[in-house]
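One file, final06.pdb, is given below (PDB, C-alpha atoms).
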```
ATOM      1  CA  MET I  14     112.961 103.472 101.639  1.00  0.00           C
ATOM      2  CA  SER I  15     114.299  99.999 100.856  1.00  0.00           C
ATOM      3  CA  PHE I  16     113.107  96.767 102.442  1.00  0.00           C
ATOM      4  CA  GLN I  17     115.050  93.648 103.341  1.00  0.00           C
ATOM      5  CA  ILE I  18     112.809  90.613 102.849  1.00  0.00           C
ATOM      6  CA  ILE I  19     113.174  87.338 104.749  1.00  0.00           C
ATOM      7  CA  ARG I  20     110.993  84.455 103.553  1.00  0.00           C
ATOM      8  CA  TYR I  21     109.754  81.386 105.439  1.00  0.00           C
ATOM      9  CA  GLU I  22     107.959  78.280 104.227  1.00  0.00           C
ATOM     10  CA  GLU I  23     106.154  77.912 107.556  1.00  0.00           C
ATOM     11  CA  ILE I  24     106.389  79.684 110.893  1.00  0.00           C
ATOM     12  CA  ASP I  25     104.289  80.139 114.007  1.00  0.00           C
ATOM     13  CA  SER I  26     103.735  83.867 113.451  1.00  0.00           C
ATOM     14  CA  THR I  27     105.652  86.445 111.445  1.00  0.00           C
ATOM     15  CA  ASN I  28     104.991  89.007 114.180  1.00  0.00           C
ATOM     16  CA  SER I  29     106.404  86.667 116.824  1.00  0.00           C
ATOM     17  CA  GLU I  30     109.458  85.955 114.689  1.00  0.00           C
ATOM     18  CA  ALA I  31     109.957  89.685 114.125  1.00  0.00           C
ATOM     19  CA  TRP I  32     110.165  90.257 117.872  1.00  0.00           C
ATOM     20  CA  ARG I  33     112.581  87.355 118.256  1.00  0.00           C
ATOM     21  CA  LEU I  34     114.852  88.877 115.610  1.00  0.00           C
ATOM     22  CA  ILE I  35     114.639  92.278 117.287  1.00  0.00           C
ATOM     23  CA  ASP I  36     115.531  90.777 120.663  1.00  0.00           C
ATOM     24  CA  ARG I  37     118.538  89.000 119.132  1.00  0.00           C
ATOM     25  CA  LEU I  38     119.551  92.215 117.335  1.00  0.00           C
ATOM     26  CA  GLU I  39     119.254  90.369 114.016  1.00  0.00           C
ATOM     27  CA  ALA I  40     116.798  92.710 112.316  1.00  0.00           C
ATOM     28  CA  LEU I  41     116.798  96.396 111.453  1.00  0.00           C
ATOM     29  CA  SER I  42     114.036  98.820 110.619  1.00  0.00           C
ATOM     30  CA  ASN I  43     112.362  98.028 107.264  1.00  0.00           C
ATOM     31  CA  THR I  44     112.996  94.301 107.600  1.00  0.00           C
ATOM     32  CA  VAL I  45     110.064  92.339 106.137  1.00  0.00           C
ATOM     33  CA  LEU I  46     109.145  88.789 107.134  1.00  0.00           C
ATOM     34  CA  ILE I  47     106.904  86.772 104.812  1.00  0.00           C
ATOM     35  CA  ALA I  48     105.606  83.252 105.424  1.00  0.00           C
ATOM     36  CA  LYS I  49     103.711  80.941 103.091  1.00  0.00           C
ATOM     37  CA  ARG I  50     101.871  79.567 106.104  1.00  0.00           C
ATOM     38  CA  GLN I  51     101.484  80.426 109.792  1.00  0.00           C
ATOM     39  CA  THR I  52     100.608  77.885 112.459  1.00  0.00           C
ATOM     40  CA  LYS I  53      99.754  80.453 115.125  1.00  0.00           C
ATOM     41  CA  GLY I  54      98.785  83.560 113.231  1.00  0.00           C
ATOM     42  CA  ARG I  55      96.960  86.105 115.323  1.00  0.00           C
ATOM     43  CA  GLY I  56      94.710  89.074 114.846  1.00  0.00           C
ATOM     44  CA  GLN I  57      93.264  91.833 116.983  1.00  0.00           C
ATOM     45  CA  ARG I  58      92.145  91.234 120.584  1.00  0.00           C
ATOM     46  CA  GLY I  59      93.903  87.883 120.805  1.00  0.00           C
ATOM     47  CA  ASN I  60      91.913  86.327 117.958  1.00  0.00           C
ATOM     48  CA  SER I  61      93.588  83.731 115.751  1.00  0.00           C
ATOM     49  CA  TRP I  62      94.170  84.499 112.067  1.00  0.00           C
ATOM     50  CA  GLN I  63      93.498  81.701 109.605  1.00  0.00           C
ATOM     51  CA  SER I  64      96.747  81.290 107.681  1.00  0.00           C
ATOM     52  CA  ASP I  65      96.294  78.783 104.870  1.00  0.00           C
ATOM     53  CA  LEU I  66      98.546  78.439 101.841  1.00  0.00           C
ATOM     54  CA  GLY I  67      97.854  81.060  99.225  1.00  0.00           C
ATOM     55  CA  GLY I  68      97.425  83.991 101.582  1.00  0.00           C
ATOM     56  CA  LEU I  69      99.854  86.825 102.241  1.00  0.00           C
ATOM     57  CA  PHE I  70     101.251  86.751 105.779  1.00  0.00           C
ATOM     58  CA  MET I  71     103.733  89.536 106.342  1.00  0.00           C
ATOM     59  CA  SER I  72     105.308  91.545 109.144  1.00  0.00           C
ATOM     60  CA  VAL I  73     107.224  94.795 108.684  1.00  0.00           C
ATOM     61  CA  ILE I  74     109.631  96.050 111.349  1.00  0.00           C
ATOM     62  CA  LEU I  75     109.654  99.843 111.700  1.00  0.00           C
ATOM     63  CA  GLN I  76     111.173 102.448 113.996  1.00  0.00           C
ATOM     64  CA  PRO I  77     108.816 105.395 113.515  1.00  0.00           C
ATOM     65  CA  ASN I  78     109.402 108.702 115.246  1.00  0.00           C
ATOM     66  CA  LEU I  79     106.229 108.640 117.328  1.00  0.00           C
ATOM     67  CA  THR I  80     105.186 109.143 120.917  1.00  0.00           C
ATOM     68  CA  ALA I  81     103.384 106.314 122.665  1.00  0.00           C
ATOM     69  CA  ALA I  82     100.153 108.346 122.587  1.00  0.00           C
ATOM     70  CA  ASN I  83     100.265 108.354 118.783  1.00  0.00           C
ATOM     71  CA  ALA I  84     101.118 104.681 118.314  1.00  0.00           C
ATOM     72  CA  HIS I  85      97.730 103.946 116.712  1.00  0.00           C
ATOM     73  CA  GLN I  86      98.721 106.182 113.825  1.00  0.00           C
ATOM     74  CA  ILE I  87     100.843 103.321 112.503  1.00  0.00           C
ATOM     75  CA  THR I  88      97.786 101.134 111.943  1.00  0.00           C
ATOM     76  CA  LEU I  89      95.810 104.039 110.494  1.00  0.00           C
ATOM     77  CA  TRP I  90      98.378 105.103 107.919  1.00  0.00           C
ATOM     78  CA  SER I  91      99.252 101.495 107.077  1.00  0.00           C
ATOM     79  CA  ALA I  92      95.603 100.619 106.368  1.00  0.00           C
ATOM     80  CA  TRP I  93      95.092 103.834 104.403  1.00  0.00           C
ATOM     81  CA  GLY I  94      98.261 103.380 102.336  1.00  0.00           C
ATOM     82  CA  ILE I  95      97.578  99.726 101.526  1.00  0.00           C
ATOM     83  CA  ALA I  96      93.971 100.448 100.550  1.00  0.00           C
ATOM     84  CA  LYS I  97      95.026 103.375  98.378  1.00  0.00           C
ATOM     85  CA  VAL I  98      97.612 101.438  96.363  1.00  0.00           C
ATOM     86  CA  LEU I  99      95.414  98.331  96.069  1.00  0.00           C
ATOM     87  CA  ASN I 100      92.693 100.524  94.617  1.00  0.00           C
ATOM     88  CA  GLU I 101      95.163 101.629  91.947  1.00  0.00           C
ATOM     89  CA  THR I 102      95.198  97.994  90.764  1.00  0.00           C
ATOM     90  CA  GLY I 103      91.440  98.024  90.213  1.00  0.00           C
ATOM     91  CA  ALA I 104      90.392  96.638  93.588  1.00  0.00           C
ATOM     92  CA  ASN I 105      87.626  98.461  95.419  1.00  0.00           C
ATOM     93  CA  VAL I 106      89.044  98.296  98.932  1.00  0.00           C
ATOM     94  CA  LYS I 107      87.284 100.017 101.807  1.00  0.00           C
ATOM     95  CA  LEU I 108      88.257 100.276 105.463  1.00  0.00           C
ATOM     96  CA  LYS I 109      86.642  99.272 108.707  1.00  0.00           C
ATOM     97  CA  TRP I 110      88.024 101.181 111.666  1.00  0.00           C
ATOM     98  CA  LEU I 111      90.596 100.553 112.924  1.00  0.00           C
ATOM     99  CA  ASN I 112      92.479  97.898 111.021  1.00  0.00           C
ATOM    100  CA  ASP I 113      90.359  95.921 108.528  1.00  0.00           C
ATOM    101  CA  LEU I 114      90.493  95.913 104.727  1.00  0.00           C
ATOM    102  CA  LEU I 115      87.147  95.134 103.078  1.00  0.00           C
ATOM    103  CA  ILE I 116      85.723  94.557  99.620  1.00  0.00           C
ATOM    104  CA  ASP I 117      81.933  94.567  99.321  1.00  0.00           C
ATOM    105  CA  ARG I 118      81.805  94.505 103.143  1.00  0.00           C
ATOM    106  CA  ARG I 119      83.638  91.188 103.116  1.00  0.00           C
ATOM    107  CA  LYS I 120      86.973  90.917 104.889  1.00  0.00           C
ATOM    108  CA  LEU I 121      89.963  90.988 102.576  1.00  0.00           C
ATOM    109  CA  GLY I 122      92.627  91.424 105.214  1.00  0.00           C
ATOM    110  CA  GLY I 123      93.676  92.973 108.464  1.00  0.00           C
ATOM    111  CA  ILE I 124      96.537  94.678 110.229  1.00  0.00           C
ATOM    112  CA  LEU I 125      97.944  93.890 113.661  1.00  0.00           C
ATOM    113  CA  THR I 126     100.411  96.482 114.928  1.00  0.00           C
ATOM    114  CA  GLU I 127     102.470  95.688 118.015  1.00  0.00           C
ATOM    115  CA  THR I 128     104.813  98.206 119.597  1.00  0.00           C
ATOM    116  CA  ARG I 129     107.593  98.402 122.121  1.00  0.00           C
ATOM    117  CA  ILE I 130     107.544 101.613 124.107  1.00  0.00           C
ATOM    118  CA  GLU I 131     110.542 103.181 125.822  1.00  0.00           C
ATOM    119  CA  ALA I 132     110.627 106.555 127.603  1.00  0.00           C
ATOM    120  CA  GLY I 133     107.195 107.431 126.211  1.00  0.00           C
ATOM    121  CA  LYS I 134     108.201 106.812 122.580  1.00  0.00           C
ATOM    122  CA  VAL I 135     107.732 103.978 120.119  1.00  0.00           C
ATOM    123  CA  LEU I 136     111.070 102.180 120.008  1.00  0.00           C
ATOM    124  CA  TYR I 137     109.933  99.464 117.591  1.00  0.00           C
ATOM    125  CA  ALA I 138     106.737  98.693 115.744  1.00  0.00           C
ATOM    126  CA  VAL I 139     105.905  95.398 114.065  1.00  0.00           C
ATOM    127  CA  VAL I 140     103.124  95.784 111.511  1.00  0.00           C
ATOM    128  CA  GLY I 141     101.532  92.414 110.773  1.00  0.00           C
ATOM    129  CA  ILE I 142      99.530  92.220 107.551  1.00  0.00           C
ATOM    130  CA  GLY I 143      97.308  89.382 106.397  1.00  0.00           C
ATOM    131  CA  ILE I 144      95.610  89.530 102.993  1.00  0.00           C
ATOM    132  CA  ASN I 145      93.581  86.855 101.259  1.00  0.00           C
ATOM    133  CA  TRP I 146      95.050  86.153  97.837  1.00  0.00           C
ATOM    134  CA  THR I 147      94.265  82.651  96.502  1.00  0.00           C
ATOM    135  CA  ASN I 148      93.735  80.892  99.829  1.00  0.00           C
ATOM    136  CA  GLU I 149      90.456  79.434 100.988  1.00  0.00           C
ATOM    137  CA  VAL I 150      88.668  82.040 103.055  1.00  0.00           C
ATOM    138  CA  PRO I 151      86.200  81.744 105.935  1.00  0.00           C
ATOM    139  CA  GLU I 152      82.579  82.781 105.585  1.00  0.00           C
ATOM    140  CA  GLY I 153      82.223  86.530 105.265  1.00  0.00           C
ATOM    141  CA  ALA I 154      85.666  86.971 103.709  1.00  0.00           C
ATOM    142  CA  ILE I 155      86.911  87.486 100.140  1.00  0.00           C
ATOM    143  CA  ALA I 156      90.094  86.631  98.222  1.00  0.00           C
ATOM    144  CA  LEU I 157      91.744  89.267  96.052  1.00  0.00           C
ATOM    145  CA  GLY I 158      93.054  86.716  93.548  1.00  0.00           C
ATOM    146  CA  GLU I 159      89.479  85.968  92.468  1.00  0.00           C
ATOM    147  CA  LEU I 160      88.819  89.570  91.475  1.00  0.00           C
ATOM    148  CA  PRO I 161      89.615  91.499  88.276  1.00  0.00           C
ATOM    149  CA  THR I 162      92.705  93.542  89.145  1.00  0.00           C
ATOM    150  CA  THR I 163      96.047  94.225  87.462  1.00  0.00           C
ATOM    151  CA  LEU I 164      97.756  91.935  90.003  1.00  0.00           C
ATOM    152  CA  SER I 165      98.840  88.587  88.603  1.00  0.00           C
ATOM    153  CA  SER I 166     101.083  87.113  91.307  1.00  0.00           C
ATOM    154  CA  MET I 167     101.833  87.048  95.018  1.00  0.00           C
ATOM    155  CA  ASP I 168     105.104  88.897  94.361  1.00  0.00           C
ATOM    156  CA  GLU I 169     103.172  91.748  92.749  1.00  0.00           C
ATOM    157  CA  LEU I 170     100.838  91.851  95.734  1.00  0.00           C
ATOM    158  CA  ILE I 171     103.806  92.003  98.115  1.00  0.00           C
ATOM    159  CA  GLU I 172     105.310  94.861  96.105  1.00  0.00           C
ATOM    160  CA  VAL I 173     102.045  96.801  96.215  1.00  0.00           C
ATOM    161  CA  VAL I 174     101.531  96.271  99.960  1.00  0.00           C
ATOM    162  CA  LEU I 175     105.063  97.471 100.740  1.00  0.00           C
ATOM    163  CA  LYS I 176     104.451 100.483  98.512  1.00  0.00           C
ATOM    164  CA  GLY I 177     101.355 101.212 100.620  1.00  0.00           C
ATOM    165  CA  ILE I 178     103.304 100.974 103.880  1.00  0.00           C
ATOM    166  CA  GLN I 179     105.954 103.298 102.496  1.00  0.00           C
ATOM    167  CA  LEU I 180     103.343 105.738 101.210  1.00  0.00           C
ATOM    168  CA  GLY I 181     101.565 105.881 104.556  1.00  0.00           C
ATOM    169  CA  GLN I 182     104.703 106.366 106.618  1.00  0.00           C
ATOM    170  CA  THR I 183     106.227 108.945 104.278  1.00  0.00           C
ATOM    171  CA  ARG I 184     103.077 111.019 104.026  1.00  0.00           C
ATOM    172  CA  SER I 185     102.450 110.931 107.777  1.00  0.00           C
ATOM    173  CA  GLU I 186     106.014 112.050 108.455  1.00  0.00           C
ATOM    174  CA  ASN I 187     106.081 114.768 105.798  1.00  0.00           C
ATOM    175  CA  GLU I 188     102.528 116.122 105.955  1.00  0.00           C
ATOM    176  CA  GLY I 189     101.121 114.937 109.282  1.00  0.00           C
ATOM    177  CA  MET I 190      98.098 112.744 109.891  1.00  0.00           C
ATOM    178  CA  MET I 191      95.243 115.146 109.225  1.00  0.00           C
ATOM    179  CA  SER I 192      95.131 114.748 105.439  1.00  0.00           C
ATOM    180  CA  ILE I 193      95.456 110.965 105.774  1.00  0.00           C
ATOM    181  CA  LEU I 194      92.625 110.854 108.295  1.00  0.00           C
ATOM    182  CA  ALA I 195      90.335 112.820 106.001  1.00  0.00           C
ATOM    183  CA  GLU I 196      90.923 110.269 103.235  1.00  0.00           C
ATOM    184  CA  TYR I 197      90.705 107.383 105.708  1.00  0.00           C
ATOM    185  CA  LEU I 198      87.271 108.614 106.750  1.00  0.00           C
ATOM    186  CA  GLU I 199      86.162 108.674 103.107  1.00  0.00           C
ATOM    187  CA  LEU I 200      87.360 105.092 102.649  1.00  0.00           C
ATOM    188  CA  LEU I 201      85.254 103.755 105.516  1.00  0.00           C
ATOM    189  CA  SER I 202      82.901 101.066 104.261  1.00  0.00           C
ATOM    190  CA  ASP I 203      80.192 102.184 106.644  1.00  0.00           C
ATOM    191  CA  LYS I 204      80.072 105.148 109.000  1.00  0.00           C
ATOM    192  CA  LYS I 205      77.033 103.838 110.868  1.00  0.00           C
ATOM    193  CA  VAL I 206      77.713 102.292 114.265  1.00  0.00           C
ATOM    194  CA  ARG I 207      75.690 100.745 117.016  1.00  0.00           C
ATOM    195  CA  GLN I 208      76.241  99.913 120.652  1.00  0.00           C
ATOM    196  CA  THR I 209      74.068  98.268 123.280  1.00  0.00           C
ATOM    197  CA  VAL I 210      73.905 100.070 126.632  1.00  0.00           C
ATOM    198  CA  ASN I 211      71.769  98.678 129.465  1.00  0.00           C
ATOM    199  CA  GLY I 212      69.836  96.537 126.995  1.00  0.00           C
ATOM    200  CA  ARG I 213      69.116  99.453 124.690  1.00  0.00           C
ATOM    201  CA  GLU I 214      70.624  99.620 121.232  1.00  0.00           C
ATOM    202  CA  LEU I 215      72.017 103.014 120.290  1.00  0.00           C
ATOM    203  CA  GLN I 216      72.701 104.025 116.690  1.00  0.00           C
ATOM    204  CA  GLY I 217      75.111 106.675 115.573  1.00  0.00           C
ATOM    205  CA  LYS I 218      77.491 107.874 112.902  1.00  0.00           C
ATOM    206  CA  ILE I 219      81.256 108.231 112.758  1.00  0.00           C
ATOM    207  CA  ILE I 220      81.993 111.890 112.139  1.00  0.00           C
ATOM    208  CA  ASP I 221      85.742 112.060 112.729  1.00  0.00           C
ATOM    209  CA  ILE I 222      88.899 110.176 113.656  1.00  0.00           C
ATOM    210  CA  ARG I 223      91.485 111.791 115.877  1.00  0.00           C
ATOM    211  CA  PRO I 224      95.260 111.534 115.255  1.00  0.00           C
ATOM    212  CA  THR I 225      95.536 109.369 118.363  1.00  0.00           C
ATOM    213  CA  GLY I 226      93.231 106.821 116.722  1.00  0.00           C
ATOM    214  CA  GLU I 227      90.151 107.733 118.726  1.00  0.00           C
ATOM    215  CA  LEU I 228      86.816 107.528 116.987  1.00  0.00           C
ATOM    216  CA  VAL I 229      84.365 110.427 117.237  1.00  0.00           C
ATOM    217  CA  VAL I 230      80.724 109.302 117.131  1.00  0.00           C
ATOM    218  CA  ARG I 231      77.492 111.274 117.213  1.00  0.00           C
ATOM    219  CA  TRP I 232      74.561 109.227 118.498  1.00  0.00           C
ATOM    220  CA  GLU I 233      71.037 109.715 117.202  1.00  0.00           C
ATOM    221  CA  GLY I 234      69.010 112.043 119.413  1.00  0.00           C
ATOM    222  CA  ASN I 235      72.143 113.441 121.029  1.00  0.00           C
ATOM    223  CA  SER I 236      74.009 116.470 119.762  1.00  0.00           C
ATOM    224  CA  GLN I 237      77.032 115.634 121.904  1.00  0.00           C
ATOM    225  CA  GLU I 238      79.993 113.872 120.356  1.00  0.00           C
ATOM    226  CA  ALA I 239      81.334 110.765 122.060  1.00  0.00           C
ATOM    227  CA  ILE I 240      84.973 109.715 121.940  1.00  0.00           C
ATOM    228  CA  TYR I 241      85.977 106.049 121.854  1.00  0.00           C
ATOM    229  CA  GLN I 242      89.410 104.575 122.359  1.00  0.00           C
ATOM    230  CA  PRO I 243      90.521 102.053 119.711  1.00  0.00           C
ATOM    231  CA  GLN I 244      90.645  99.192 122.197  1.00  0.00           C
ATOM    232  CA  ASN I 245      87.261  99.926 123.801  1.00  0.00           C
ATOM    233  CA  PHE I 246      84.839 100.136 120.917  1.00  0.00           C
ATOM    234  CA  SER I 247      84.090  98.177 117.800  1.00  0.00           C
ATOM    235  CA  VAL I 248      82.199  99.304 114.761  1.00  0.00           C
ATOM    236  CA  GLY I 249      79.112  97.303 113.895  1.00  0.00           C
ATOM    237  CA  TYR I 250      77.200  97.462 110.654  1.00  0.00           C
ATOM    238  CA  GLN I 251      73.516  98.196 110.436  1.00  0.00           C
TER     239      GLN I 251
END
```

Would you write out, as structure tokens, the structure that this file holds?
Amino acid sequence: MSFQIIRYEEIDSTNSEAWRLIDRLEALSNTVLIAKRQTKGRGQRGNSWQSDLGGLFMSVILQPNLTAANAHQITLWSAWGIAKVLNETGANVKLKWLNDLLIDRRKLGGILTETRIEAGKVLYAVVGIGINWTNEVPEGAIALGELPTTLSSMDELIEVVLKGIQLGQTRSENEGMMSILAEYLELLSDKKVRQTVNGRELQGKIIDIRPTGELVVRWEGNSQEAIYQPQNFSVGYQ
């Protein structure tokens, strides 16, 4: 798999620009957009993504062979692949379901996958990736450039992240998602979850992740397993 890289000094959002290029038929699968700074970077659930100089802000255009029901696999195998290859550089990256990269429970980066569905299949996917490198980070976050790894430049980080995307997509296509999900589960920073229902706080444990991205939780005092859609549940630490 080879990538075509387009670089920007500043842009509103690499994901937004990716969709503009797709709509104008100016970008193919495996096109990568990288900006030094974003003015309107965004994260999950409509949140903004702080995009100061020194961070990695990247979007990868893909055309995976997936049904709409399995679209969340893109985020899962992207996060797994990126974490796996970053850990080969000496970083100790963990995951927070569904899309966050953590080190010592502090946020290193995140993934925002957007898709265009046609006839029940994923026609295009834009995988947005933000990783703190040497940029100033908000409270509760961490920058990879401050840590002892084998990475010495932004270009090396970009190369590693693209290797992770390629690894995740190739393995999911060749071997299926089950082996990835088993390793993804092991990479979770914390399997404990909590949720407040009718004023009562429930505590439980993640016991599985389904190929559709659904989280399987077993609550304390209840032998039944509960299934949560990616968009309807967030993991909270104890």

Within 6 Å of I:Ala81 using only C-alpha atoms, minus same-chain residues under 6 positions, as JSON, numbers by chain: {"I": [133, 134, 135]}

Atom pair atom CA of I:Glu131 / atom CA of I:Asn83: separation (Å):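 Taking atom CA of I:Glu131 as the start and atom CA of I:Asn83 as the end point, the length is 13.5 Å.
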
Closest of I:Leu69, I:Ser26, I:Ala40, I:Gln208 to I:Lys53 - atom-to-atom distances counting only C-alpha atoms: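 Nearest candidate to I:Lys53 out of I:Leu69, I:Ser26, I:Ala40, I:Gln208: I:Ser26.
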
Distance criterion (all atoms listed in the file): nearest to I:Leu164 out of I:Leu99, I:Val229, I:Leu198, I:Met191: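 Of all the options, I:Leu99 lies closest to I:Leu164.
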
Chain and number of each residue from the PyMOL selection byres ((chain I and resi 68) around 7), as number ranges by chain: I: 64-67, 69-70, 144-148

Pairwise distance for atom CA of I:Leu201 and atom CA of I:Lys107, rounded to one decimal in Å: 5.6 Å

The PyMOL selection byres ((chain I and resi 98) around 9) resolved against shown file, as a PyMOL selection string: chain I and resi 93-97+99-102+173-174+176-177+180

Test item: axis-aligned box, all listed atoms of stretch 108-114 of chain I, 5 Å on each side, centre and edges in Å rounded to one decimal, as AutoDock Vina command-line options:
```
--center_x 89.6 --center_y 98.5 --center_z 108.8 --size_x 15.8 --size_y 15.3 --size_z 18.2
```

Between atom CA of I:Gly141 and atom CA of I:Gly123, distance in Å (one decimal): 8.2 Å

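When all atoms listed in the file are used to measure the gap to I:Tyr197, the shortest distance among I:Arg119, I:Arg20, I:Arg223, I:Arg33 belongs to I:Arg223.
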
Could you pull stretch 96-113 of chain I out of the block above and save it with N, CA and C atoms, as a short mmCIF file (atom, residue, chain, number, x, y, z; two decimals), in the first residue's frame?
```cif
data_model
loop_
_atom_site.label_atom_id
_atom_site.label_comp_id
_atom_site.auth_asym_id
_atom_site.auth_seq_id
_atom_site.Cartn_x
_atom_site.Cartn_y
_atom_site.Cartn_z
N ALA I 96 -1.42 2.12 17.83
CA ALA I 96 -0.87 1.82 19.15
C ALA I 96 0.23 0.77 19.06
N LYS I 97 -0.01 -0.24 18.26
CA LYS I 97 0.96 -1.35 18.15
C LYS I 97 2.30 -0.86 17.61
N VAL I 98 2.28 -0.06 16.55
CA VAL I 98 3.55 0.38 15.96
C VAL I 98 4.21 1.46 16.82
N LEU I 99 3.43 2.30 17.48
CA LEU I 99 4.02 3.28 18.40
C LEU I 99 4.73 2.58 19.55
N ASN I 100 4.15 1.49 20.00
CA ASN I 100 4.78 0.75 21.11
C ASN I 100 6.10 0.11 20.68
N GLU I 101 6.27 -0.11 19.39
CA GLU I 101 7.54 -0.63 18.89
C GLU I 101 8.64 0.42 18.97
N THR I 102 8.26 1.70 19.13
CA THR I 102 9.25 2.77 19.25
C THR I 102 9.64 3.03 20.71
N GLY I 103 9.02 2.29 21.62
CA GLY I 103 9.31 2.46 23.03
C GLY I 103 8.23 3.19 23.80
N ALA I 104 7.21 3.68 23.10
CA ALA I 104 6.08 4.30 23.78
C ALA I 104 5.24 3.22 24.44
N ASN I 105 4.54 3.61 25.49
CA ASN I 105 3.66 2.65 26.18
C ASN I 105 2.22 3.09 25.98
N VAL I 106 1.74 2.94 24.75
CA VAL I 106 0.42 3.44 24.38
C VAL I 106 -0.65 2.41 24.73
N LYS I 107 -1.69 2.90 25.37
CA LYS I 107 -2.88 2.10 25.66
C LYS I 107 -4.07 2.71 24.92
N LEU I 108 -5.18 2.01 24.95
CA LEU I 108 -6.38 2.47 24.26
C LEU I 108 -7.51 2.73 25.23
N LYS I 109 -8.34 3.68 24.87
CA LYS I 109 -9.61 3.88 25.55
C LYS I 109 -10.69 3.75 24.48
N TRP I 110 -11.58 2.80 24.68
CA TRP I 110 -12.63 2.54 23.70
C TRP I 110 -13.40 3.80 23.42
N LEU I 111 -13.64 4.20 22.30
CA LEU I 111 -13.44 3.49 21.05
C LEU I 111 -12.23 4.00 20.28
N ASN I 112 -11.84 5.24 20.55
CA ASN I 112 -10.94 5.90 19.60
C ASN I 112 -9.77 6.66 20.20
N ASP I 113 -9.51 6.54 21.50
CA ASP I 113 -8.47 7.35 22.13
C ASP I 113 -7.17 6.58 22.34
#
```
